[in-house]
file work21.txt (compact mmCIF, C-alpha atoms)
# COMPACT_ATOMS: atom_id res chain seq x y z
CA MET D 1 -1.71 2.14 11.02
CA THR D 2 0.93 4.00 13.02
CA VAL D 3 4.67 3.31 12.82
CA ILE D 4 4.55 1.93 16.39
CA GLY D 5 1.74 -0.41 15.35
CA ASP D 6 3.72 -1.57 12.33
CA ALA D 7 6.83 -2.18 14.45
CA ALA D 8 4.70 -4.26 16.83
CA ILE D 9 3.41 -6.45 13.99
CA VAL D 10 6.89 -7.03 12.56
CA ALA D 11 8.20 -7.72 16.08
CA ALA D 12 5.37 -10.23 16.57
CA LEU D 13 6.42 -12.01 13.37
CA ILE D 14 10.04 -12.12 14.56
CA MET D 15 8.98 -13.50 17.96
CA ASP D 16 6.79 -16.04 16.21
CA ILE D 17 9.75 -17.27 14.16
CA ILE D 18 12.07 -17.33 17.18
CA SER D 19 9.53 -19.37 19.14
CA MET D 20 9.44 -21.76 16.18
CA TYR D 21 13.15 -22.48 16.73
CA GLN D 22 12.38 -23.44 20.33
CA ARG D 23 9.77 -25.97 19.23
CA ARG D 24 11.62 -27.31 16.21
CA GLY D 25 12.23 -30.76 17.60
CA ILE D 26 10.56 -33.78 16.05
CA VAL D 27 10.56 -37.21 17.65
CA VAL D 28 11.60 -39.78 15.09
CA ASP D 29 13.15 -43.24 14.94
CA LEU D 30 14.16 -45.61 12.15
CA ASP D 31 10.64 -47.06 11.91
CA SER D 32 8.87 -43.73 11.65
CA LEU D 33 11.43 -41.88 9.51
CA SER D 34 9.85 -42.54 6.08
CA GLU D 35 6.38 -41.70 7.36
CA ALA D 36 7.66 -38.47 8.93
CA ILE D 37 9.21 -37.46 5.59
CA GLU D 38 5.98 -38.17 3.72
CA ASN D 39 4.06 -36.09 6.26
CA GLU D 40 6.46 -33.16 5.88
CA LYS D 41 6.35 -33.45 2.08
CA ALA D 42 2.56 -33.30 2.15
CA ARG D 43 2.79 -30.33 4.49
CA ARG D 44 5.18 -28.59 2.08
CA GLU D 45 2.89 -29.19 -0.89
CA LYS D 46 -0.02 -27.66 1.00
CA LEU D 47 2.15 -24.75 2.14
CA ASN D 48 3.48 -24.03 -1.37
CA LYS D 49 -0.06 -23.83 -2.74
CA GLU D 50 -0.72 -21.00 -0.28
CA LEU D 51 2.70 -19.40 -0.40
CA PHE D 52 3.10 -19.17 -4.18
CA LYS D 53 -0.51 -18.78 -5.29
CA MET Q 1 10.66 11.17 45.40
CA LYS Q 2 11.83 8.21 47.49
CA ILE Q 3 8.62 6.34 46.70
CA LEU Q 4 9.10 7.04 43.00
CA LYS Q 5 12.65 5.65 43.18
CA LYS Q 6 11.39 2.52 44.97
CA ILE Q 7 8.71 2.00 42.32
CA LYS Q 8 11.33 2.39 39.58
CA ALA Q 9 13.61 -0.10 41.34
CA CYS Q 10 10.73 -2.58 41.66
CA ILE Q 11 9.87 -2.26 37.97
CA ALA Q 12 13.54 -2.72 37.01
CA GLY Q 13 13.74 -5.79 39.27
CA LEU Q 14 10.63 -7.29 37.70
CA LEU Q 15 12.02 -6.68 34.21
CA VAL Q 16 15.30 -8.38 35.09
CA LEU Q 17 13.38 -11.30 36.61
CA GLY Q 18 11.20 -11.55 33.50
CA VAL Q 19 14.18 -11.59 31.16
CA ALA Q 20 15.94 -14.21 33.32
CA CYS Q 21 12.85 -16.46 33.32
CA ALA Q 22 12.39 -16.08 29.58
CA SER Q 23 16.07 -16.88 28.95
CA SER Q 24 16.04 -19.99 31.13
CA SER Q 25 12.86 -21.17 29.45
CA VAL Q 26 14.48 -20.70 26.03
CA LEU Q 27 17.60 -22.60 27.08
CA THR Q 28 15.60 -25.43 28.66
CA SER Q 29 13.38 -25.88 25.62
CA CYS Q 30 16.38 -25.71 23.27
CA VAL Q 31 18.22 -28.58 24.93
CA SER Q 32 15.11 -30.73 25.34
CA THR Q 33 14.62 -31.20 21.59
CA GLU Q 34 17.00 -32.70 19.08
CA THR Q 35 17.00 -32.64 15.33
CA ALA Q 36 15.96 -35.75 13.42
CA THR Q 37 19.55 -35.98 12.14
CA VAL Q 38 20.92 -36.24 15.69
CA GLN Q 39 18.25 -38.74 16.76
CA ILE Q 40 18.82 -41.03 13.76
CA THR Q 41 22.61 -40.72 14.00
CA ASN Q 42 22.28 -41.96 17.59
CA GLN Q 43 20.38 -45.02 16.35
CA THR Q 44 22.28 -46.07 13.24
CA GLN Q 45 25.29 -45.47 11.03
CA ASP Q 46 23.32 -46.21 7.85
CA PRO Q 47 24.11 -43.27 5.53
CA VAL Q 48 20.74 -43.50 3.75
CA ALA Q 49 18.82 -43.18 7.02
CA ILE Q 50 21.04 -40.29 8.16
CA ALA Q 51 20.66 -38.52 4.80
CA LYS Q 52 16.89 -38.96 4.98
CA ALA Q 53 16.86 -37.55 8.52
CA ALA Q 54 18.82 -34.48 7.35
CA TYR Q 55 16.29 -34.03 4.54
CA LEU Q 56 13.47 -34.34 7.09
CA ASP Q 57 15.03 -31.56 9.20
CA ALA Q 58 15.32 -29.39 6.09
CA LEU Q 59 11.68 -29.98 5.14
CA LYS Q 60 10.56 -29.20 8.67
CA LEU Q 61 12.53 -25.96 8.84
CA TYR Q 62 11.04 -24.81 5.53
CA ASN Q 63 7.50 -25.77 6.57
CA ASP Q 64 7.71 -24.20 10.01
CA LEU Q 65 9.10 -20.96 8.64
CA GLY Q 66 6.68 -20.82 5.69
CA GLU Q 67 3.60 -21.52 7.79
CA ARG Q 68 4.54 -18.76 10.22
CA TYR Q 69 5.15 -16.25 7.44
CA LEU Q 70 1.92 -17.18 5.67
CA LYS Q 71 -0.35 -15.34 8.08
CA TYR Q 72 1.67 -12.11 7.72
CA ILE Q 73 1.68 -12.13 3.90
CA PRO Q 74 -1.35 -9.86 3.36
CA TYR Q 75 0.12 -7.33 5.79
CA MET Q 76 3.65 -7.48 4.33
CA GLU Q 77 2.37 -7.39 0.74
CA ARG Q 78 0.30 -4.31 1.45
CA ASN Q 79 2.79 -2.37 3.56
CA TYR Q 80 6.27 -3.58 2.71
CA PRO Q 81 6.16 -5.09 -0.80
CA GLN Q 82 9.94 -4.83 -1.29
CA ALA Q 83 10.75 -6.77 1.90
CA HIS Q 84 7.97 -9.25 1.08
CA TYR Q 85 9.37 -9.72 -2.45
CA GLU Q 86 12.84 -10.45 -1.04
CA ILE Q 87 11.45 -12.90 1.52
CA MET Q 88 9.41 -14.71 -1.14
CA TYR Q 89 12.52 -14.95 -3.33
CA ILE Q 90 14.33 -16.65 -0.43
CA PHE Q 91 11.44 -19.09 0.03
CA GLN Q 92 11.63 -19.94 -3.68
CA GLU Q 93 15.36 -20.62 -3.38
CA MET Q 94 14.77 -22.82 -0.32
CA ASP Q 95 12.07 -24.72 -2.20
CA LYS Q 96 14.37 -25.31 -5.20
CA MET Q 97 17.02 -26.58 -2.82
CA LEU Q 98 14.59 -29.07 -1.27
CA ILE Q 99 13.61 -30.44 -4.70
CA MET Q 100 17.28 -31.09 -5.46
CA TRP Q 101 17.89 -32.46 -1.95
CA GLU Q 102 15.20 -35.16 -2.15
CA GLY Q 103 17.04 -37.10 -4.87
CA PHE Q 104 20.28 -36.96 -2.91
CA ALA Q 105 18.54 -38.16 0.26
CA GLN Q 106 17.20 -41.27 -1.52
CA ALA Q 107 20.78 -42.05 -2.55
CA GLY Q 108 22.08 -41.61 1.00
CA ILE Q 109 23.87 -38.35 0.29
CA ILE Q 110 23.65 -35.10 2.19
CA PRO Q 111 24.43 -32.41 -0.41
CA GLU Q 112 27.60 -30.60 0.54
CA ARG Q 113 26.94 -27.65 2.88
CA ALA Q 114 23.19 -27.89 2.09
CA PRO Q 115 22.02 -27.91 5.75
CA GLN Q 116 24.09 -24.76 6.39
CA HIS Q 117 22.82 -23.08 3.21
CA LEU Q 118 19.22 -23.77 4.14
CA GLN Q 119 19.82 -22.39 7.63
CA ASP Q 120 21.49 -19.34 6.06
CA TYR Q 121 18.35 -18.73 3.99
CA ALA Q 122 16.19 -18.96 7.11
CA ASP Q 123 18.55 -16.58 8.91
CA ALA Q 124 18.37 -14.18 5.96
CA ILE Q 125 14.59 -13.99 6.32
CA ILE Q 126 14.90 -13.24 10.02
CA ALA Q 127 17.64 -10.66 9.34
CA LEU Q 128 15.38 -8.91 6.82
CA LEU Q 129 12.59 -8.77 9.38
CA PHE Q 130 14.92 -7.43 12.07
CA GLU Q 131 16.08 -4.78 9.61
CA LEU Q 132 12.49 -3.83 8.87
CA ASP Q 133 11.68 -3.74 12.59
CA ALA Q 134 14.68 -1.51 13.34
CA ALA Q 135 13.77 0.84 10.50
CA LEU Q 136 10.22 1.11 11.80
CA GLU Q 137 11.40 1.80 15.34
CA ALA Q 138 13.74 4.50 14.03
CA GLY Q 139 10.87 6.06 12.11
CA GLN Q 140 12.31 5.23 8.69
CA LEU Q 141 9.70 3.52 6.62
CA GLU Q 142 12.01 2.33 3.86
CA ILE Q 143 14.54 -0.44 4.22
call {"tool": "encode", "arguments": {"input": "work21.txt", "output": "structure tokens"}}
result
Amino acid sequence: MTVIGDAAIVAALIMDIISMYQRRGIVVDLDSLSEAIENEKARREKLNKELFK
Amino acid sequence: MKILKKIKACIAGLLVLGVACASSSVLTSCVSTETATVQITNQTQDPVAIAKAAYLDALKLYNDLGERYLKYIPYMERNYPQAHYEIMYIFQEMDKMLIMWEGFAQAGIIPERAPQHLQDYADAIIALLFELDAALEAGQLEI
């Protein structure tokens, strides 16, 4: 892969992360707070299995 | 030559327009979403609920960042193992922080400066990637 190609892939990752910040919002209220936490905890467990395998 | 100048001016105009549209879209989408902490703080003064909301924001930041990085791991591991190692170290530190944070959240406490520390970790990952990107653009393969 060329240097330009590599730069494009890293730039794509950066753009991906920046776009994440734009969509970071989560709609939550007092009734759904505990459920939202449980969902994110389950998501983290699944992520960690992939991330640290 | 005049035609060439006009074409160049048109391209420059389109670029400026593109950047302006992208910027306004970023600003609009930024203000349209609020963190869980802000939303819950607007609904109650209960410290436990607010601490849980802050923990939820922390979990979400970690998950969003981790899931995005996940798909680039094979590429980073193969081509830039040092940068990948540093990024993975940061993820481990963020994960440790979340384990500690959960207990505090149940007790209605937001660990001192924890939200800022977690954000600093996320920023460090992005800074590492920017550094890598700049090095690649400059033709230096090592960072």
call {"tool": "atom_distance", "arguments": {"input": "work21.txt", "atom1": "atom CA of Leu132 of chain Q", "atom2": "atom CA of Ser19 of chain D"}}
result
18.9 Å
call {"tool": "closest_residue", "arguments": {"input": "work21.txt", "among": "Q:Met100, Q:Leu59, Q:Val48, Q:Ala138", "to": "chain D", "atoms": "all atoms listed in the file"}}
result
Q:Leu59
call {"tool": "closest_atom_pairs", "arguments": {"input": "work21.txt", "of": "chain Q", "to": "chain D", "cutoff": "9 Å", "atoms": "only C-alpha atoms", "output": "Markdown table"}}
result
| residue | atom | partner | partner_atom | distance |
| --- | --- | --- | --- | --- |
| Q:Val26 | CA | D:Gln22 | CA | 6.7 |
| Q:Leu27 | CA | D:Gln22 | CA | 8.6 |
| Q:Ser29 | CA | D:Gln22 | CA | 5.9 |
| Q:Cys30 | CA | D:Gln22 | CA | 5.5 |
| Q:Ser32 | CA | D:Gly25 | CA | 8.3 |
| Q:Thr33 | CA | D:Gly25 | CA | 4.7 |
| Q:Glu34 | CA | D:Gly25 | CA | 5.4 |
| Q:Thr35 | CA | D:Gly25 | CA | 5.6 |
| Q:Ala36 | CA | D:Val28 | CA | 6.2 |
| Q:Gln39 | CA | D:Val28 | CA | 6.9 |
| Q:Ile40 | CA | D:Asp29 | CA | 6.2 |
| Q:Gln43 | CA | D:Leu30 | CA | 7.5 |
| Q:Thr44 | CA | D:Leu30 | CA | 8.2 |
| Q:Ala49 | CA | D:Leu30 | CA | 7.3 |
| Q:Lys52 | CA | D:Leu33 | CA | 7.7 |
| Q:Ala53 | CA | D:Leu33 | CA | 7.0 |
| Q:Tyr55 | CA | D:Ile37 | CA | 7.9 |
| Q:Leu56 | CA | D:Ile37 | CA | 5.5 |
| Q:Asp57 | CA | D:Ile26 | CA | 8.5 |
| Q:Leu59 | CA | D:Glu40 | CA | 6.2 |
| Q:Lys60 | CA | D:Glu40 | CA | 6.3 |
| Q:Leu61 | CA | D:Arg24 | CA | 7.5 |
| Q:Tyr62 | CA | D:Arg44 | CA | 7.8 |
| Q:Asn63 | CA | D:Arg44 | CA | 5.8 |
| Q:Asp64 | CA | D:Met20 | CA | 6.9 |
| Q:Leu65 | CA | D:Ile17 | CA | 6.7 |
| Q:Gly66 | CA | D:Leu47 | CA | 7.0 |
| Q:Glu67 | CA | D:Leu47 | CA | 6.7 |
| Q:Arg68 | CA | D:Ile17 | CA | 6.7 |
| Q:Tyr69 | CA | D:Leu13 | CA | 7.4 |
| Q:Leu70 | CA | D:Leu51 | CA | 6.5 |
| Q:Tyr72 | CA | D:Leu13 | CA | 7.4 |
| Q:Ile73 | CA | D:Leu51 | CA | 8.5 |
| Q:Tyr75 | CA | D:Ile9 | CA | 8.9 |
| Q:Met76 | CA | D:Val10 | CA | 8.9 |
| Q:Asn79 | CA | D:Asp6 | CA | 8.9 |
| Q:Met88 | CA | D:Leu51 | CA | 8.2 |
| Q:Phe91 | CA | D:Leu51 | CA | 8.8 |
| Q:Gln92 | CA | D:Phe52 | CA | 8.6 |
| Q:Asp95 | CA | D:Asn48 | CA | 8.7 |
| Q:Ile126 | CA | D:Ile14 | CA | 6.7 |
| Q:Leu129 | CA | D:Ile14 | CA | 6.7 |
| Q:Phe130 | CA | D:Ile14 | CA | 7.2 |
| Q:Leu132 | CA | D:Val10 | CA | 7.4 |
| Q:Asp133 | CA | D:Ala7 | CA | 5.4 |
| Q:Ala134 | CA | D:Ala7 | CA | 8.0 |
| Q:Ala135 | CA | D:Ala7 | CA | 8.5 |
| Q:Leu136 | CA | D:Ala7 | CA | 5.4 |
| Q:Glu137 | CA | D:Ala7 | CA | 6.1 |
| Q:Gly139 | CA | D:Val3 | CA | 6.8 |
| Q:Gln140 | CA | D:Val3 | CA | 8.9 |
| Q:Leu141 | CA | D:Val3 | CA | 8.0 |
call {"tool": "atom_distance", "arguments": {"input": "work21.txt", "atom1": "atom CA of Ile125 of chain Q", "atom2": "atom CA of Ile110 of chain Q"}}
result
23.3 Å
call {"tool": "atom_distance", "arguments": {"input": "work21.txt", "atom1": "atom CA of Ala122 of chain Q", "atom2": "atom CA of Asp46 of chain Q"}}
result
28.2 Å
call {"tool": "residues_around", "arguments": {"input": "work21.txt", "residues": "Leu118 of chain Q", "least_positions_apart": "2", "cutoff": "10 Å", "atoms": "all atoms listed in the file", "output": "ChimeraX atom specification"}}
result
/Q:58-59,61-62,90-91,93-95,97-98,113-116,120-124
call {"tool": "decode", "arguments": {"input": "work21.txt", "residues": "segment 31-117 of chain Q", "atoms": "C-alpha atoms", "output": "mmCIF file, in the first residue's frame"}}
result
data_model
loop_
_atom_site.group_PDB
_atom_site.id
_atom_site.type_symbol
_atom_site.label_atom_id
_atom_site.label_comp_id
_atom_site.auth_asym_id
_atom_site.auth_seq_id
_atom_site.Cartn_x
_atom_site.Cartn_y
_atom_site.Cartn_z
ATOM 1 C CA VAL Q 31 -26.429 21.504 19.348
ATOM 2 C CA SER Q 32 -29.285 19.118 18.597
ATOM 3 C CA THR Q 33 -27.978 16.407 20.938
ATOM 4 C CA GLU Q 34 -27.319 16.624 24.643
ATOM 5 C CA THR Q 35 -25.433 14.341 26.949
ATOM 6 C CA ALA Q 36 -27.362 12.084 29.311
ATOM 7 C CA THR Q 37 -25.901 14.118 32.201
ATOM 8 C CA VAL Q 38 -27.457 17.336 30.878
ATOM 9 C CA GLN Q 39 -30.799 15.665 30.153
ATOM 10 C CA ILE Q 40 -31.064 14.088 33.617
ATOM 11 C CA THR Q 41 -29.838 17.243 35.359
ATOM 12 C CA ASN Q 42 -32.711 19.064 33.622
ATOM 13 C CA GLN Q 43 -35.173 16.541 35.077
ATOM 14 C CA THR Q 44 -33.972 16.055 38.646
ATOM 15 C CA GLN Q 45 -31.542 17.130 41.329
ATOM 16 C CA ASP Q 46 -31.162 13.578 42.652
ATOM 17 C CA PRO Q 47 -27.379 13.045 42.900
ATOM 18 C CA VAL Q 48 -27.660 9.287 42.293
ATOM 19 C CA ALA Q 49 -29.551 9.791 39.024
ATOM 20 C CA ILE Q 50 -27.085 12.489 37.904
ATOM 21 C CA ALA Q 51 -24.094 10.299 38.808
ATOM 22 C CA LYS Q 52 -25.621 7.397 36.888
ATOM 23 C CA ALA Q 53 -26.194 9.654 33.879
ATOM 24 C CA ALA Q 54 -22.535 10.752 33.954
ATOM 25 C CA TYR Q 55 -21.517 7.088 34.085
ATOM 26 C CA LEU Q 56 -23.820 6.390 31.120
ATOM 27 C CA ASP Q 57 -22.109 9.149 29.106
ATOM 28 C CA ALA Q 58 -18.717 7.672 29.994
ATOM 29 C CA LEU Q 59 -19.782 4.174 28.931
ATOM 30 C CA LYS Q 60 -21.186 5.505 25.677
ATOM 31 C CA LEU Q 61 -18.036 7.452 24.836
ATOM 32 C CA TYR Q 62 -15.897 4.361 25.447
ATOM 33 C CA ASN Q 63 -18.209 2.110 23.408
ATOM 34 C CA ASP Q 64 -18.538 4.514 20.489
ATOM 35 C CA LEU Q 65 -14.795 5.057 20.297
ATOM 36 C CA GLY Q 66 -13.931 1.366 20.741
ATOM 37 C CA GLU Q 67 -16.414 0.155 18.142
ATOM 38 C CA ARG Q 68 -15.057 2.619 15.599
ATOM 39 C CA TYR Q 69 -11.457 1.626 16.260
ATOM 40 C CA LEU Q 70 -12.284 -2.079 16.124
ATOM 41 C CA LYS Q 71 -12.588 -2.238 12.351
ATOM 42 C CA TYR Q 72 -9.175 -0.584 11.873
ATOM 43 C CA ILE Q 73 -7.322 -2.909 14.276
ATOM 44 C CA PRO Q 74 -6.059 -5.426 11.693
ATOM 45 C CA TYR Q 75 -4.739 -2.563 9.561
ATOM 46 C CA MET Q 76 -3.136 -0.681 12.480
ATOM 47 C CA GLU Q 77 -1.678 -3.868 13.980
ATOM 48 C CA ARG Q 78 -0.076 -4.810 10.685
ATOM 49 C CA ASN Q 79 1.207 -1.383 9.631
ATOM 50 C CA TYR Q 80 1.621 0.734 12.746
ATOM 51 C CA PRO Q 81 2.058 -1.621 15.714
ATOM 52 C CA GLN Q 82 3.586 1.084 17.940
ATOM 53 C CA ALA Q 83 0.665 3.489 17.475
ATOM 54 C CA HIS Q 84 -1.768 0.587 17.858
ATOM 55 C CA TYR Q 85 -0.035 -0.501 21.085
ATOM 56 C CA GLU Q 86 -0.333 3.023 22.505
ATOM 57 C CA ILE Q 87 -4.003 3.277 21.526
ATOM 58 C CA MET Q 88 -4.780 -0.106 23.084
ATOM 59 C CA TYR Q 89 -3.018 0.986 26.271
ATOM 60 C CA ILE Q 90 -5.317 4.035 26.408
ATOM 61 C CA PHE Q 91 -8.386 1.824 25.906
ATOM 62 C CA GLN Q 92 -7.219 -0.362 28.800
ATOM 63 C CA GLU Q 93 -6.854 2.706 31.023
ATOM 64 C CA MET Q 94 -10.334 3.906 30.026
ATOM 65 C CA ASP Q 95 -11.753 0.468 30.791
ATOM 66 C CA LYS Q 96 -10.115 0.406 34.246
ATOM 67 C CA MET Q 97 -11.569 3.825 34.916
ATOM 68 C CA LEU Q 98 -15.077 2.642 34.013
ATOM 69 C CA ILE Q 99 -14.802 -0.343 36.389
ATOM 70 C CA MET Q 100 -13.923 2.033 39.230
ATOM 71 C CA TRP Q 101 -16.589 4.528 38.133
ATOM 72 C CA GLU Q 102 -19.487 2.048 38.301
ATOM 73 C CA GLY Q 103 -19.238 1.679 42.092
ATOM 74 C CA PHE Q 104 -19.156 5.438 42.550
ATOM 75 C CA ALA Q 105 -22.190 5.895 40.295
ATOM 76 C CA GLN Q 106 -24.263 3.476 42.415
ATOM 77 C CA ALA Q 107 -23.373 5.605 45.446
ATOM 78 C CA GLY Q 108 -24.381 8.827 43.688
ATOM 79 C CA ILE Q 109 -20.831 10.096 43.289
ATOM 80 C CA ILE Q 110 -19.149 11.361 40.158
ATOM 81 C CA PRO Q 111 -15.430 10.626 40.709
ATOM 82 C CA GLU Q 112 -13.497 13.861 40.830
ATOM 83 C CA ARG Q 113 -12.395 15.022 37.358
ATOM 84 C CA ALA Q 114 -13.281 11.571 35.935
ATOM 85 C CA PRO Q 115 -15.416 12.874 33.032
ATOM 86 C CA GLN Q 116 -12.545 15.167 31.993
ATOM 87 C CA HIS Q 117 -9.969 12.375 32.351
#
